[in-house]
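Undergrad: Here it is, the structure, as structure tokens.
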Amino acid sequence: MGTRRVVCKLTVPVLAILLASACNKGGGEGDSAGAFAPGGVVLEEPSWAQGVAVAYGGEDLDTSVPGSYGYYTEDGDVATVYDADGLPFTFKKGSVKRIVNLWPANTSGILALGAEKFFVAKLGGMTTPWQEAMFPAYAALTAQVGPQAGPANAEALMALEPDLVIGHPSSIANLRGIEYRGKKLPVVNVNFKTYQEMKVTYRVIGKILGGKVEENAEAWGRALQANIDRIAKGLAKTSVRPVVYYSAGGMGGLGSTMPSSQGSVVMNEWTGYAGGKYWPELMRVLRQEDIVDVAGQTGVNMELVLKYPPQKVFIGGGRRAALDAVLADRDGASNPWAGILADLGPDNVKYMPYALFDWGRFGAESVLQILWAAANIHPEVFADPSSPDYIDMRKETKAFYTDFAGYPVTDAEVDAILDGRPPASVGTVYPPAPPVQAPPRRPAR
Amino acid sequence: MRRDMKGSQSGEYAWRLVLLGAAVLTCAVFVLSVSIGIYRVPFGNVVKIVFAEVADALPFGMFPVERSWSSAEGIAVVAIRLPRTLAALLIGSALSVAGAAYQSMFKNPMVSPDILGVSSGATVGAALAILVSANIVWVELGAFAGGVAAVMLTTLIPKLIRNHSIVILVLAGIIVGGLSSSVMSVIRMVADPATTLADITYWTMGSLARVKMREVGAVGPVIVLGVAALLLFRYRLNVLSLGDAEAKSLGVNVGRMRVAVILASTLLTASSVSIAGTIGWVGLVIPHISRMIVGPDNKRMLPLATFTGGIFMMVIDILARTLAATDIPISVLTGIIGTPFFFFILLKQRRSLW
């Protein structure tokens with residue numbers, strides 16, 4: 001009897017200790033309770049992600065190999081540069097004055113390099129409100145080209161008499177084989193998926209257009225590398241790598257993300273450089289399956305998100321409506337995203353900045369995106385003004401648009417950009433994002 | 001006119017006049033198609049450019065042509081319009097003749113060349129090739145192989161269940177079409193939304209924007225042979241449309257004839273889909289238009305459908321590349337034009353459709 005009493009007395013504190021220990025560790029696999037804390041507090045890595053190495057980034061591409069992307073030679077006034085298909089584009093230096101771009105993601109890059117005056121047409125329906133504000137001459141172009149996907153209309157392009165058509169594989173596939181007695185359409189493929197390829201792309205465009213554009217292309221590459229190095233220095237102080245989910249919008253709403261094909265996608269890179277782990281890449285490594293298998297346009301498998309919940313959710317593309325719709329439907333049982341976002345809390349769910357392009361996608365603002373991501377993944381290191389590694393996003397944003405876009409943004413405009421809002425909202429009282437709240441609990445039976 | 005063409009000598013004369021008119025109109029639309037586009041090329045230069053191409057093909061430089069046009073004009077006419085126009089002519093003829101032959105063989109006016117699953121199979125083949133980022137040649141080969149494989153599967157099902165009736169064959173086509181549709185959904189689901197998904201979607205809408213002379217040269221002979229074969233069968237198709245028993249009593253080997261028609265139609269449709277993607281409505285609507293003009297007699301309807309199909313597709317292609325700065329998908333236009341036209345035909349023919 002006495003022995004039983006002793007065992008009972010010992011069992012209670014032992015269980016309490018085990019329970020507290022489990023809570024501190026964030027529970028078992030897939031259990032998010034207790035793992036998420038408000039911003040400013042260091043998040044613990046969830047147990048299911050601990051020890052899982054995720055690759056991101058890569059070495060500078062070697063452009064000195066003949067035929068490689070970016071390989072450049074010149075002979076007097078005539079220069080040749082190789083595109084992403086490994087095909088040469090030969091031109092007389094300074095002769096390319098009229099360009100057409102067929103890839104929406106690349107428009108922001110070309111504009112930010114200071115090449116606005118070279119455009120002879122704009123991409124139909126793809127001009128962002130901030131492009132209109134910062135580059136009115138581009139926005140005012142009446143000639144339009146398209147579409148975003150599928151083959152371009154070859155004759156419509158020829159009618160614009162461009163010296164160069166810049167595209168990606170989907171839009172220029174039909175233009176490649178057009179040839180008449182040795183003459184071809186002046187086309188280059190500048191497709192890229194990674195920051196290193198993006199650097200080469202800007203360098204190729206800079207080499208072709210020359211002058212200030214070339215200088216800006218080199219400066220952009222240096223700025224990107226400087227920011228990567230700057231963040232790496234701050235990250236040395238923490239070993240925690242929170243799991244980040246990027247929502248690209250699309251048909252799947254918050255469930256649409258960007259698949260990670262063996263790490264080669266900029267979302268995986270900015271997450272990694274900023275001290276996080278990209279959720280789709282983590283799934284690819286952890287489950288030995290590409291997220292493509294569970295994502296696509298229709299959205300990720302929701303049970304996978306529930307089993308492996310992210311710690312940060314960043315919503316891109318100026319898609320406030322996607323989050324608002326989720327939050328409007330508070331019934332956690334029918335809308336698992338509402339429950340997940342409520343658990344995360346407002347400091348871990350962010351709209352991403354959006355101006356010339358979605359900062360998190362394949363645009364020139366990638367330079368800023370790395371800083372923004374670091375400040376939001378590790379606010380304790382990068383968003384605390386008292387920290388030596390503090391990043392003043394407002395200052396950085398102002399400097400970028402002034403230096404590259406040649407547009408001196410005001411404080412109010414910086415706030416709008418960082419909040420993913422259009423220029424029309426500047427100076428007006430914009431309704432704040434709805435607060436993230438826990439879904440109502442079902443009444444106990 | 002249709003009543004006038006039945007039997008009598010004057011009817012025969014009218015029929016020949018219609019066929020001649022269709023041939024002349026085909027030539028006129030061909031010239032128009034090569035002459036107009038968003039990039040302006042003076043008509044005189046168009047003629048010179050085309051003539052120079054023909055002259056260069058002749059031996060010993062028999063007809064030297066002085067070049068007074070720019071490279072851009074040459075590109076517009078020779079590298080863009082000529083292959084597209086030829087492809088439109090071939091594809092339009094192929095799909096309409098295949099559709100007319102199927103409608104006769106299945107004794108059903110609602111039948112199109114897709115009934116045995118060739119288009120859906122070809123789309124799966126092309127989509128798989130796009131999914132693995134294959135180049136355009138492999139995409140075209142994939143489409144052709146997919147189309148032929150789908151029809152082979154369709155014709156295998158009646159053999160497996162040992163029932164060779166036409167109804168089972170059509171049901172087998174529906175099974176294969178359904179399977180292809182599901183496979184396409186899986187392909188779309190796993191496709192990269194940023195790259196391959198857009199290409200696959202565009203492929204399913206059909207386009208002549210990627211057609212080059214190489215493709216025309218590759219599928220042209222197949223289409224010409226396929227159309228010629230079905231034109232040769234036009235008398236027997238008349239007999240076949242009377243029913244199996246009557247056809248047999250008149251000495252037609254029904255089984256062999258059916259295989260021959262399916263083979264020719266499959267080659268025609270698969271060839272078309274392989275270079276231009278899925279194109280709807282042509283194989284369904286054009287035979288009806290031809291039937292409205294010359295009646296249901298396949299001896300006259302099939303030759304006329306060869307021309308009307310070509311004319312229709314050339315006009316569609318002109319619209320696709322001139323209406324907007326973007327290249328409008330072919331199926332968008334065939335659908336927009338084809339559906340109300342088909343409704344009009346049904347309205348007009350509601351009492352004597354067949």
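We name chains A, B, ... following the order of the structure tokens; residues begin at 1 in each chain, and ligands are numbered from 1 as shown.
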For chain B against chain A, which residues fall within 10 Å using only C-alpha atoms, given as an NGL selection string?
TA: :B and (37-40 or 71-81 or 135-136 or 186-203 or 207-214 or 320-322 or 324-329)
Undergrad: Could you write those residues out with C-alpha atoms, as an mmCIF file, in the first residue's frame?
TA:
data_model
loop_
_atom_site.group_PDB
_atom_site.id
_atom_site.type_symbol
_atom_site.label_atom_id
_atom_site.label_comp_id
_atom_site.auth_asym_id
_atom_site.auth_seq_id
_atom_site.Cartn_x
_atom_site.Cartn_y
_atom_site.Cartn_z
ATOM 1 C CA GLY B 37 -0.688 40.202 -92.106
ATOM 2 C CA ILE B 38 0.177 42.706 -89.414
ATOM 3 C CA TYR B 39 3.560 43.352 -91.028
ATOM 4 C CA ARG B 40 2.789 45.204 -94.246
ATOM 5 C CA SER B 71 14.806 40.620 -95.510
ATOM 6 C CA ALA B 72 11.935 41.402 -93.131
ATOM 7 C CA GLU B 73 9.458 41.184 -96.015
ATOM 8 C CA GLY B 74 10.993 37.873 -97.055
ATOM 9 C CA ILE B 75 10.720 36.563 -93.505
ATOM 10 C CA ALA B 76 7.065 37.629 -93.244
ATOM 11 C CA VAL B 77 6.050 35.957 -96.502
ATOM 12 C CA VAL B 78 8.299 32.904 -96.740
ATOM 13 C CA ALA B 79 9.069 32.029 -93.135
ATOM 14 C CA ILE B 80 5.785 32.970 -91.451
ATOM 15 C CA ARG B 81 2.808 33.134 -93.798
ATOM 16 C CA ASN B 135 11.978 20.013 -78.051
ATOM 17 C CA ILE B 136 9.270 20.693 -80.618
ATOM 18 C CA VAL B 186 -2.630 14.328 -63.846
ATOM 19 C CA ILE B 187 -0.152 15.921 -66.272
ATOM 20 C CA ARG B 188 -1.619 19.377 -65.611
ATOM 21 C CA MET B 189 -1.455 18.755 -61.876
ATOM 22 C CA VAL B 190 2.239 17.895 -61.876
ATOM 23 C CA ALA B 191 3.259 20.450 -64.510
ATOM 24 C CA ASP B 192 5.322 23.421 -63.409
ATOM 25 C CA PRO B 193 2.811 26.312 -63.238
ATOM 26 C CA ALA B 194 5.514 28.768 -64.307
ATOM 27 C CA THR B 195 6.619 26.999 -67.469
ATOM 28 C CA THR B 196 5.266 23.705 -68.795
ATOM 29 C CA LEU B 197 1.672 24.181 -67.655
ATOM 30 C CA ALA B 198 1.313 27.258 -69.843
ATOM 31 C CA ASP B 199 2.748 25.400 -72.838
ATOM 32 C CA ILE B 200 0.451 22.415 -72.305
ATOM 33 C CA THR B 201 -2.584 24.660 -71.956
ATOM 34 C CA TYR B 202 -1.660 26.512 -75.127
ATOM 35 C CA TRP B 203 -1.135 23.249 -76.989
ATOM 36 C CA SER B 207 -2.049 27.108 -82.887
ATOM 37 C CA LEU B 208 -0.250 27.383 -86.184
ATOM 38 C CA ALA B 209 2.274 29.880 -84.814
ATOM 39 C CA ARG B 210 4.999 27.264 -84.438
ATOM 40 C CA VAL B 211 4.571 25.652 -87.845
ATOM 41 C CA LYS B 212 7.616 25.819 -90.104
ATOM 42 C CA MET B 213 8.240 24.445 -93.576
ATOM 43 C CA ARG B 214 9.988 21.465 -91.985
ATOM 44 C CA ALA B 320 -5.717 34.312 -85.668
ATOM 45 C CA ARG B 321 -2.653 36.265 -86.717
ATOM 46 C CA THR B 322 -4.211 39.598 -87.693
ATOM 47 C CA ALA B 324 -4.633 41.033 -82.262
ATOM 48 C CA ALA B 325 -0.998 41.582 -81.386
ATOM 49 C CA THR B 326 -1.116 38.194 -79.753
ATOM 50 C CA ASP B 327 -1.541 34.973 -81.730
ATOM 51 C CA ILE B 328 -5.091 33.870 -80.980
ATOM 52 C CA PRO B 329 -5.424 30.103 -80.372
#
Undergrad: Excluding Leu90 of chain B and residues on its chain fewer than 4 positions from it, collect all residues at most 8 Å away from it, counting only C-alpha atoms, and give them as a ChimeraX atom specification.
TA: /B:86,94,220,223-224,310
Undergrad: Pull C-alpha atoms from the residues just selected and write them as a PDB file, in the first residue's frame.
TA:
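Output saved as result-v3.pdb:
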ATOM      1  CA  LEU B  86       0.012  25.588 -96.313  1.00  0.00           C
ATOM      2  CA  ALA B  94      -7.561  16.591 -93.480  1.00  0.00           C
ATOM      3  CA  GLY B 220       2.198  17.140 -95.897  1.00  0.00           C
ATOM      4  CA  ILE B 223      -2.063  14.201 -95.246  1.00  0.00           C
ATOM      5  CA  VAL B 224      -2.119  14.170 -99.056  1.00  0.00           C
ATOM      6  CA  GLY B 310      -8.964  24.188 -96.414  1.00  0.00           C
TER       7      GLY B 310
END
Undergrad: When DSSP works through the backbone of this structure, what residues of segment 332-428 of chain A end up as alpha helix (DSSP H), shown as a PyMOL selection string?
TA: chain A and resi 336-344+366-377+379-382+393-403+411-418
Undergrad: Using only C-alpha atoms, which residue out of A:Ser95, A:Thr271, A:Asn189, A:Asn101 lies closest to Tyr82 of chain A?
TA: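 Of A:Ser95, A:Thr271, A:Asn189, A:Asn101, the one nearest Tyr82 of chain A, counting only C-alpha atoms, is A:Asn189.
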Undergrad: Give me, please, the distance in Å between atom CA of Ala98 of chain B and atom CA of Pro113 of chain B, quoted to one decimal.
TA: 5.8 Å
Undergrad: Could you pull out all residues of segment 165-414 of chain A with a DSSP call of strand (DSSP E or B) and give them as a ChimeraX atom specification?
TA: /A:165-167,179-180,183-184,187-189,243-247,277-278,312-315,349-351,354,358
Undergrad: Let me make sure I understand: among B:Pro64, B:Gly121, B:Gly99, B:Gly283, which one has the smallest atom-to-atom distance to Leu230 of chain B if we use only C-alpha atoms?
TA: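 Of B:Pro64, B:Gly121, B:Gly99, B:Gly283, the one nearest Leu230 of chain B is B:Gly99, counting only C-alpha atoms.
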Undergrad: Residues within 7 Å of segment 306-309 of chain B, please, as a list in words. Count only C-alpha atoms; anything in the same chain fewer than 2 positions from it doesn't count.
TA: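 The residues satisfying every condition are Ala22, Ala23, Thr26, Gly92, Ser93, Ser96, Val97, Ile286, Leu302, Pro303, Leu304, Ile311, Phe312 and Met313 of chain B.
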Undergrad: Could you work out how far atom CA of Ile166 of chain B lies from atom CA of Phe144 of chain B, giving the answer in Å with one decimal?
TA: 24.5 Å
Undergrad: If you measure from atom CA of Val54 of chain A to atom CA of Asn106 of chain A, what distance in Å do you get, rounded to one decimal?
TA: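 It comes out at 27.3 Å.
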Undergrad: Please provide as a list in words all residues within 9 Å of segment 29-31 of chain B, with the sequence filter that same-chain residues fewer than 2 positions apart are discarded (counting only C-alpha atoms).
TA: Val24, Leu25, Thr26, Cys27, Ser33, Val34, Ser35, Ile36, Thr85, Leu86, Leu89, Ile311, Met314 and Val315 of chain B
Undergrad: Just the selected residues (all heavy atoms), exported as a compact mmCIF listing (two decimals), in the first residue's frame, please.
TA:
# COMPACT_ATOMS: atom_id res chain seq x y z
N VAL B 24 -11.16 27.44 -107.23
CA VAL B 24 -10.74 28.83 -107.51
C VAL B 24 -10.74 29.63 -106.20
O VAL B 24 -9.80 30.39 -105.92
CB VAL B 24 -11.68 29.48 -108.56
CG1 VAL B 24 -11.40 30.97 -108.67
CG2 VAL B 24 -11.51 28.80 -109.91
N LEU B 25 -11.79 29.44 -105.38
CA LEU B 25 -11.87 30.16 -104.11
C LEU B 25 -10.71 29.76 -103.19
O LEU B 25 -10.13 30.60 -102.48
CB LEU B 25 -13.22 29.86 -103.44
CG LEU B 25 -13.57 30.72 -102.23
CD1 LEU B 25 -13.65 32.19 -102.61
CD2 LEU B 25 -14.90 30.28 -101.62
N THR B 26 -10.36 28.48 -103.20
CA THR B 26 -9.23 28.00 -102.39
C THR B 26 -7.95 28.74 -102.78
O THR B 26 -7.19 29.21 -101.93
CB THR B 26 -9.03 26.48 -102.56
OG1 THR B 26 -10.24 25.83 -102.22
CG2 THR B 26 -7.91 25.96 -101.68
N CYS B 27 -7.74 28.84 -104.10
CA CYS B 27 -6.54 29.54 -104.59
C CYS B 27 -6.57 31.02 -104.18
O CYS B 27 -5.55 31.58 -103.75
CB CYS B 27 -6.44 29.44 -106.11
SG CYS B 27 -6.15 27.76 -106.66
N SER B 33 -4.18 34.92 -97.98
CA SER B 33 -3.53 34.56 -96.73
C SER B 33 -2.04 34.87 -96.74
O SER B 33 -1.48 35.33 -95.74
CB SER B 33 -3.75 33.07 -96.45
OG SER B 33 -3.12 32.69 -95.25
N VAL B 34 -1.41 34.63 -97.89
CA VAL B 34 0.03 34.90 -97.99
C VAL B 34 0.28 36.41 -98.11
O VAL B 34 1.35 36.90 -97.76
CB VAL B 34 0.63 34.14 -99.20
CG1 VAL B 34 2.09 34.49 -99.41
CG2 VAL B 34 0.50 32.64 -99.00
N SER B 35 -0.72 37.14 -98.54
CA SER B 35 -0.54 38.57 -98.81
C SER B 35 -0.82 39.47 -97.61
O SER B 35 -0.28 40.57 -97.54
CB SER B 35 -1.45 39.03 -99.96
OG SER B 35 -1.22 38.23 -101.09
N ILE B 36 -1.68 39.04 -96.71
CA ILE B 36 -2.04 39.96 -95.62
C ILE B 36 -1.51 39.48 -94.27
O ILE B 36 -1.39 38.29 -94.01
CB ILE B 36 -3.56 40.23 -95.53
CG1 ILE B 36 -4.34 38.95 -95.21
CG2 ILE B 36 -4.08 40.87 -96.77
CD1 ILE B 36 -5.79 39.23 -94.89
N THR B 85 0.00 29.07 -93.96
CA THR B 85 -1.10 28.93 -94.92
C THR B 85 -1.17 27.51 -95.47
O THR B 85 -2.25 26.92 -95.57
CB THR B 85 -0.92 29.95 -96.06
OG1 THR B 85 -0.79 31.25 -95.48
CG2 THR B 85 -2.09 29.94 -97.01
N LEU B 86 -0.01 26.97 -95.82
CA LEU B 86 0.01 25.59 -96.31
C LEU B 86 -0.50 24.62 -95.25
O LEU B 86 -1.29 23.72 -95.54
CB LEU B 86 1.44 25.21 -96.72
CG LEU B 86 1.91 25.73 -98.08
CD1 LEU B 86 3.43 25.53 -98.23
CD2 LEU B 86 1.18 25.03 -99.22
N LEU B 89 -4.26 24.92 -94.90
CA LEU B 89 -4.92 24.25 -96.03
C LEU B 89 -4.93 22.74 -95.82
O LEU B 89 -5.98 22.08 -95.95
CB LEU B 89 -4.19 24.62 -97.33
CG LEU B 89 -4.68 23.96 -98.62
CD1 LEU B 89 -6.10 24.35 -98.93
CD2 LEU B 89 -3.76 24.34 -99.78
N ILE B 311 -10.34 26.07 -97.05
CA ILE B 311 -10.72 27.50 -97.08
C ILE B 311 -11.03 27.98 -95.66
O ILE B 311 -10.54 29.02 -95.20
CB ILE B 311 -11.95 27.72 -97.98
CG1 ILE B 311 -11.58 27.45 -99.45
CG2 ILE B 311 -12.51 29.13 -97.83
CD1 ILE B 311 -12.78 27.34 -100.38
N MET B 314 -7.87 28.33 -93.55
CA MET B 314 -7.02 29.46 -93.97
C MET B 314 -7.61 30.78 -93.47
O MET B 314 -6.88 31.67 -93.02
CB MET B 314 -6.86 29.47 -95.50
CG MET B 314 -5.89 28.41 -96.01
SD MET B 314 -5.45 28.62 -97.75
CE MET B 314 -6.97 28.18 -98.58
N VAL B 315 -8.95 30.89 -93.55
CA VAL B 315 -9.60 32.11 -93.05
C VAL B 315 -9.39 32.24 -91.53
O VAL B 315 -9.07 33.32 -91.01
CB VAL B 315 -11.11 32.10 -93.40
CG1 VAL B 315 -11.84 33.24 -92.69
CG2 VAL B 315 -11.30 32.19 -94.90
Undergrad: Name the closest residue to Gly360 of chain A among the candidates A:Pro336, A:Pro423, A:Gly317, A:Gly206; distances are taken between atoms, counting only C-alpha atoms.
TA: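 Smallest separation from Gly360 of chain A among the options: A:Gly317.
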Undergrad: Which one of B:Leu268, B:Val254, B:Val41, B:Val124 sits closest to Ser182 of chain B if you count only C-alpha atoms?
TA: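 Checking each candidate against Ser182 of chain B, we get B:Val124 as the closest.
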Undergrad: List as a compact mmCIF listing (two decimals) with N, CA and C atoms, in the first residue's frame the protein and nucleic acid residues near Tyr278 of chain A, meaning an atom at most 9 Å away when only C-alpha atoms are counted, but skip any in the same chain fewer than 6 places from it.
TA:
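Final file, part_35.txt:
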# COMPACT_ATOMS: atom_id res chain seq x y z
N VAL A 54 18.81 21.67 -46.16
CA VAL A 54 18.17 22.14 -47.39
C VAL A 54 19.18 22.95 -48.19
N PRO A 242 13.81 28.86 -39.22
CA PRO A 242 12.36 28.66 -39.29
C PRO A 242 11.91 28.19 -40.69
N VAL A 243 10.79 27.49 -40.69
CA VAL A 243 10.24 26.97 -41.95
C VAL A 243 9.31 28.03 -42.55
N VAL A 244 9.57 28.37 -43.81
CA VAL A 244 8.83 29.46 -44.46
C VAL A 244 7.99 28.91 -45.60
N TYR A 245 6.73 29.31 -45.61
CA TYR A 245 5.83 28.94 -46.71
C TYR A 245 5.55 30.20 -47.53
N TYR A 246 5.80 30.10 -48.84
CA TYR A 246 5.54 31.24 -49.73
C TYR A 246 4.27 30.95 -50.53
N SER A 260 9.78 23.65 -55.93
CA SER A 260 11.23 23.78 -55.88
C SER A 260 11.84 22.58 -56.58
N MET A 267 12.71 31.54 -54.75
CA MET A 267 12.05 31.53 -53.43
C MET A 267 12.84 30.70 -52.42
N ASN A 268 13.37 29.59 -52.90
CA ASN A 268 14.20 28.76 -52.03
C ASN A 268 15.48 29.51 -51.67
N GLU A 269 15.97 30.30 -52.62
CA GLU A 269 17.22 31.02 -52.37
C GLU A 269 17.04 32.14 -51.35
N TRP A 270 16.01 33.00 -51.55
CA TRP A 270 15.89 34.09 -50.58
C TRP A 270 15.53 33.58 -49.19
N THR A 271 14.79 32.47 -49.15
CA THR A 271 14.48 31.89 -47.84
C THR A 271 15.78 31.41 -47.18
N GLY A 272 16.59 30.71 -47.97
CA GLY A 272 17.83 30.17 -47.43
C GLY A 272 18.81 31.25 -47.04
